[in-house]
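Okay, query-v9.cif now, which holds mmCIF, C-alpha atoms; chains and numbers go by the auth columns:
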data_upload
#
loop_
_atom_site.group_PDB
_atom_site.id
_atom_site.type_symbol
_atom_site.label_atom_id
_atom_site.label_comp_id
_atom_site.label_asym_id
_atom_site.label_seq_id
_atom_site.Cartn_x
_atom_site.Cartn_y
_atom_site.Cartn_z
_atom_site.B_iso_or_equiv
_atom_site.auth_seq_id
_atom_site.auth_asym_id
ATOM 1 C CA MET A 1 51.704 -50.955 0.134 0.00 1 A
ATOM 2 C CA ASN A 2 50.442 -54.054 1.913 0.00 2 A
ATOM 3 C CA SER A 3 48.809 -52.861 5.094 0.00 3 A
ATOM 4 C CA GLN A 4 45.765 -53.813 7.103 0.00 4 A
ATOM 5 C CA TRP A 5 42.660 -51.699 7.320 0.00 5 A
ATOM 6 C CA SER A 6 41.824 -50.104 10.635 0.00 6 A
ATOM 7 C CA HIS A 7 38.504 -49.649 12.394 0.00 7 A
ATOM 8 C CA HIS A 8 39.470 -45.980 12.401 0.00 8 A
ATOM 9 C CA ASP A 9 39.124 -45.935 8.622 0.00 9 A
ATOM 10 C CA HIS A 10 35.889 -44.289 7.561 0.00 10 A
ATOM 11 C CA ILE A 11 33.238 -46.288 5.711 0.00 11 A
ATOM 12 C CA HIS A 12 30.903 -44.202 3.585 0.00 12 A
ATOM 13 C CA LEU A 13 27.821 -45.931 2.203 0.00 13 A
ATOM 14 C CA SER A 14 25.637 -44.299 -0.412 0.00 14 A
ATOM 15 C CA ASP A 15 23.305 -45.135 -3.261 0.00 15 A
ATOM 16 C CA GLU A 16 21.370 -47.719 -1.229 0.00 16 A
ATOM 17 C CA VAL A 17 19.148 -49.587 -3.674 0.00 17 A
ATOM 18 C CA GLU A 18 16.641 -52.238 -2.618 0.00 18 A
ATOM 19 C CA THR A 19 15.902 -54.984 -5.145 0.00 19 A
ATOM 20 C CA ASP A 20 13.830 -58.171 -5.023 0.00 20 A
ATOM 21 C CA ASP A 21 16.466 -60.087 -3.038 0.00 21 A
ATOM 22 C CA CYS A 22 19.074 -57.657 -1.743 0.00 22 A
ATOM 23 C CA TRP A 23 20.328 -54.171 -1.083 0.00 23 A
ATOM 24 C CA THR A 24 23.241 -52.779 -3.015 0.00 24 A
ATOM 25 C CA PHE A 25 25.458 -49.932 -1.889 0.00 25 A
ATOM 26 C CA HIS A 26 28.253 -47.835 -3.228 0.00 26 A
ATOM 27 C CA ALA A 27 30.900 -48.016 -0.500 0.00 27 A
ATOM 28 C CA VAL A 28 34.032 -45.949 -0.063 0.00 28 A
ATOM 29 C CA ILE A 29 36.529 -46.802 2.643 0.00 29 A
ATOM 30 C CA ASP A 30 38.861 -43.902 3.362 0.00 30 A
ATOM 31 C CA ARG A 31 42.203 -44.859 4.811 0.00 31 A
ATOM 32 C CA ASP A 32 43.667 -41.365 4.709 0.00 32 A
ATOM 33 C CA GLU A 33 43.829 -38.452 2.304 0.00 33 A
ATOM 34 C CA ASP A 34 46.102 -40.467 0.000 0.00 34 A
ATOM 35 C CA TYR A 35 44.174 -43.716 -0.154 0.00 35 A
ATOM 36 C CA SER A 36 40.555 -44.780 -0.413 0.00 36 A
ATOM 37 C CA ARG A 37 38.885 -47.815 -1.893 0.00 37 A
ATOM 38 C CA ALA A 38 35.551 -47.668 -3.723 0.00 38 A
ATOM 39 C CA LEU A 39 33.464 -50.757 -4.192 0.00 39 A
ATOM 40 C CA SER A 40 30.016 -52.071 -4.962 0.00 40 A
ATOM 41 C CA PHE A 41 28.598 -53.982 -1.987 0.00 41 A
ATOM 42 C CA ARG A 42 25.678 -56.430 -1.978 0.00 42 A
ATOM 43 C CA LEU A 43 23.729 -57.476 1.123 0.00 43 A
ATOM 44 C CA SER A 44 21.084 -60.159 0.527 0.00 44 A
ATOM 45 C CA TRP A 45 17.862 -60.210 2.480 0.00 45 A
ATOM 46 C CA ALA A 46 18.806 -63.676 3.772 0.00 46 A
ATOM 47 C CA ASP A 47 22.094 -62.394 5.202 0.00 47 A
ATOM 48 C CA TYR A 48 20.408 -59.311 6.641 0.00 48 A
ATOM 49 C CA ASN A 49 17.813 -61.510 8.383 0.00 49 A
ATOM 50 C CA LEU A 50 20.556 -63.751 9.793 0.00 50 A
ATOM 51 C CA TRP A 51 22.525 -60.842 11.283 0.00 51 A
ATOM 52 C CA SER A 52 19.492 -58.726 12.225 0.00 52 A
ATOM 53 C CA PRO A 53 16.793 -61.290 13.065 0.00 53 A
ATOM 54 C CA SER A 54 14.484 -58.665 14.537 0.00 54 A
ATOM 55 C CA GLY A 55 14.698 -56.663 11.322 0.00 55 A
ATOM 56 C CA SER A 56 15.171 -53.509 13.383 0.00 56 A
ATOM 57 C CA ASP A 57 18.649 -52.565 12.137 0.00 57 A
ATOM 58 C CA ARG A 58 19.137 -50.288 9.186 0.00 58 A
ATOM 59 C CA PRO A 59 20.532 -52.242 6.208 0.00 59 A
ATOM 60 C CA ALA A 60 23.390 -49.715 6.019 0.00 60 A
ATOM 61 C CA ASN A 61 24.375 -50.502 9.626 0.00 61 A
ATOM 62 C CA VAL A 62 24.470 -54.216 8.857 0.00 62 A
ATOM 63 C CA ALA A 63 26.474 -53.541 5.684 0.00 63 A
ATOM 64 C CA ARG A 64 28.930 -51.388 7.658 0.00 64 A
ATOM 65 C CA ALA A 65 29.420 -54.171 10.241 0.00 65 A
ATOM 66 C CA VAL A 66 30.082 -56.727 7.496 0.00 66 A
ATOM 67 C CA LEU A 67 32.606 -54.398 5.863 0.00 67 A
ATOM 68 C CA MET A 68 34.359 -53.989 9.206 0.00 68 A
ATOM 69 C CA VAL A 69 34.797 -57.770 9.447 0.00 69 A
ATOM 70 C CA PHE A 70 36.074 -57.870 5.849 0.00 70 A
ATOM 71 C CA MET A 71 38.563 -55.157 6.833 0.00 71 A
ATOM 72 C CA ASP A 72 39.856 -57.432 9.610 0.00 72 A
ATOM 73 C CA CYS A 73 40.755 -60.223 7.191 0.00 73 A
ATOM 74 C CA LEU A 74 41.723 -58.539 3.897 0.00 74 A
ATOM 75 C CA VAL A 75 44.662 -56.289 3.157 0.00 75 A
ATOM 76 C CA LEU A 76 43.998 -53.179 1.101 0.00 76 A
ATOM 77 C CA GLU A 77 44.966 -54.702 -2.224 0.00 77 A
ATOM 78 C CA GLU A 78 42.724 -57.744 -1.713 0.00 78 A
ATOM 79 C CA MET A 79 39.492 -55.759 -1.267 0.00 79 A
ATOM 80 C CA PRO A 80 37.615 -56.462 -4.527 0.00 80 A
ATOM 81 C CA GLN A 81 35.656 -53.780 -6.368 0.00 81 A
ATOM 82 C CA LYS A 82 32.506 -55.934 -6.189 0.00 82 A
ATOM 83 C CA LEU A 83 31.821 -57.596 -2.883 0.00 83 A
ATOM 84 C CA ASP A 84 28.946 -59.755 -1.642 0.00 84 A
ATOM 85 C CA ALA A 85 28.321 -59.962 2.101 0.00 85 A
ATOM 86 C CA ALA A 86 27.868 -63.754 1.885 0.00 86 A
ATOM 87 C CA ARG A 87 31.569 -64.153 1.076 0.00 87 A
ATOM 88 C CA ILE A 88 32.470 -63.248 4.672 0.00 88 A
ATOM 89 C CA ARG A 89 31.509 -66.721 5.955 0.00 89 A
ATOM 90 C CA ARG A 90 34.158 -68.334 3.733 0.00 90 A
ATOM 91 C CA LEU A 91 36.833 -65.982 5.066 0.00 91 A
ATOM 92 C CA VAL A 92 35.906 -65.644 8.747 0.00 92 A
ATOM 93 C CA PRO A 93 34.540 -68.728 10.534 0.00 93 A
ATOM 94 C CA ASP A 94 32.965 -66.746 13.396 0.00 94 A
ATOM 95 C CA ALA A 95 31.531 -63.976 11.190 0.00 95 A
ATOM 96 C CA ASP A 96 27.946 -64.852 12.100 0.00 96 A
ATOM 97 C CA ALA A 97 28.721 -64.059 15.752 0.00 97 A
ATOM 98 C CA ARG A 98 31.000 -61.068 15.128 0.00 98 A
ATOM 99 C CA ILE A 99 28.702 -59.114 12.824 0.00 99 A
ATOM 100 C CA PRO A 100 25.728 -58.846 15.239 0.00 100 A
ATOM 101 C CA ALA A 101 28.162 -57.922 18.037 0.00 101 A
ATOM 102 C CA ILE A 102 29.522 -55.053 15.932 0.00 102 A
ATOM 103 C CA ILE A 103 25.993 -53.899 15.058 0.00 103 A
ATOM 104 C CA ARG A 104 25.022 -53.834 18.743 0.00 104 A
ATOM 105 C CA SER A 105 28.192 -52.015 19.807 0.00 105 A
ATOM 106 C CA SER A 106 28.118 -49.359 17.066 0.00 106 A
ATOM 107 C CA PRO A 107 26.112 -46.177 17.462 0.00 107 A
ATOM 108 C CA SER A 108 23.254 -45.979 14.967 0.00 108 A
ATOM 109 C CA THR A 109 23.873 -43.549 12.158 0.00 109 A
#

Written as structure tokens, how would this file's structure read?
Amino acid sequence: MNSQWSHHDHIHLSDEVETDDCWTFHAVIDRDEDYSRALSFRLSWADYNLWSPSGSDRPANVARAVLMVFMDCLVLEEMPQKLDAARIRRLVPDADARIPAIIRSSPST
């Protein structure tokens, strides 16, 4: 199986833990009843502040937006089990513009 993720896939974030320099999450992306991908996701305070300069967005909403951009550029098998939000800039040149746009267009959860 070598297929792209879809924005229709469900992203479940849990176990949000705040540390001295980041938030970590347990993330599960459900493709369908036969396939899901679990991973550990890290969002640094620096990245959060870049994508949510007002500081008014929930860290989980920022994390979800970053994961959506990762889903646009990685096939299922390439999604690592440990993922840092900062990696997105190496993969997607316009990530710093796309992520805030996704945050603003997504309903708050």

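Between CA of Val28 (chain A) and CA of Trp45 (chain A) there is a distance of 21.7 Å.
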
Just so the selection is clear, what residues does the PyMOL selection byres ((chain A and resi 78-83) around 7) cover here, as a compact mmCIF listing (two decimals) with C-alpha atoms, in the coordinates of the input?
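Dumped to result28.txt:
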# COMPACT_ATOMS: atom_id res chain seq x y z
CA ALA A 38 35.55 -47.67 -3.72
CA LEU A 39 33.46 -50.76 -4.19
CA SER A 40 30.02 -52.07 -4.96
CA PHE A 41 28.60 -53.98 -1.99
CA ARG A 42 25.68 -56.43 -1.98
CA LEU A 74 41.72 -58.54 3.90
CA VAL A 75 44.66 -56.29 3.16
CA LEU A 76 44.00 -53.18 1.10
CA GLU A 77 44.97 -54.70 -2.22
CA ASP A 84 28.95 -59.76 -1.64
CA ALA A 85 28.32 -59.96 2.10

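Residue selection for this entry, given the PyMOL selection byres ((chain A and resi 46) around 12), comprises A:Asp20, A:Asp21, A:Cys22, A:Trp23, A:Arg42, A:Leu43, A:Ser44, A:Trp45, A:Asp47, A:Tyr48, A:Asn49, A:Leu50, A:Trp51, A:Ser52, A:Pro53, A:Gly55, A:Pro59, A:Ala85, A:Ala86.
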
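Comparing A:Asp15, A:Ser56, A:Ile103, A:Asp34 by their smallest distance to Met68 (chain A), the closest is A:Ile103 (using all atoms listed in the file).
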
Kindly provide, as lines of an AutoDock Vina configuration file, the centre and edge lengths (Å, one decimal) of an axis-aligned box around all atoms of region 59-76 of chain A given in the file, with 3 Å on each side.
center_x = 32.6
center_y = -55.0
center_z = 5.7
size_x = 30.1
size_y = 16.5
size_z = 15.1

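The coordinates place CA of Tyr35 (chain A) at 29.3 Å from CA of Asp96 (chain A).
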
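For the pair CA of Glu18 (chain A) and CA of Ala60 (chain A), the separation is 11.2 Å.
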
(Q) Need the shell around Leu67 (chain A): protein/DNA/RNA residues with any atom at most 9 Å away, counting all atoms listed in the file. Skip same-chain ones fewer than 3 positions apart. Format as a PyMOL selection string? (A) chain A and resi 11+41+62-64+70-72+85+88

**Q.** Of the listed residues A:Val66, A:Val17, A:Cys73, A:Ile29, that which approaches Leu91 (chain A) most closely, counting all atoms listed in the file
**A.** A:Cys73
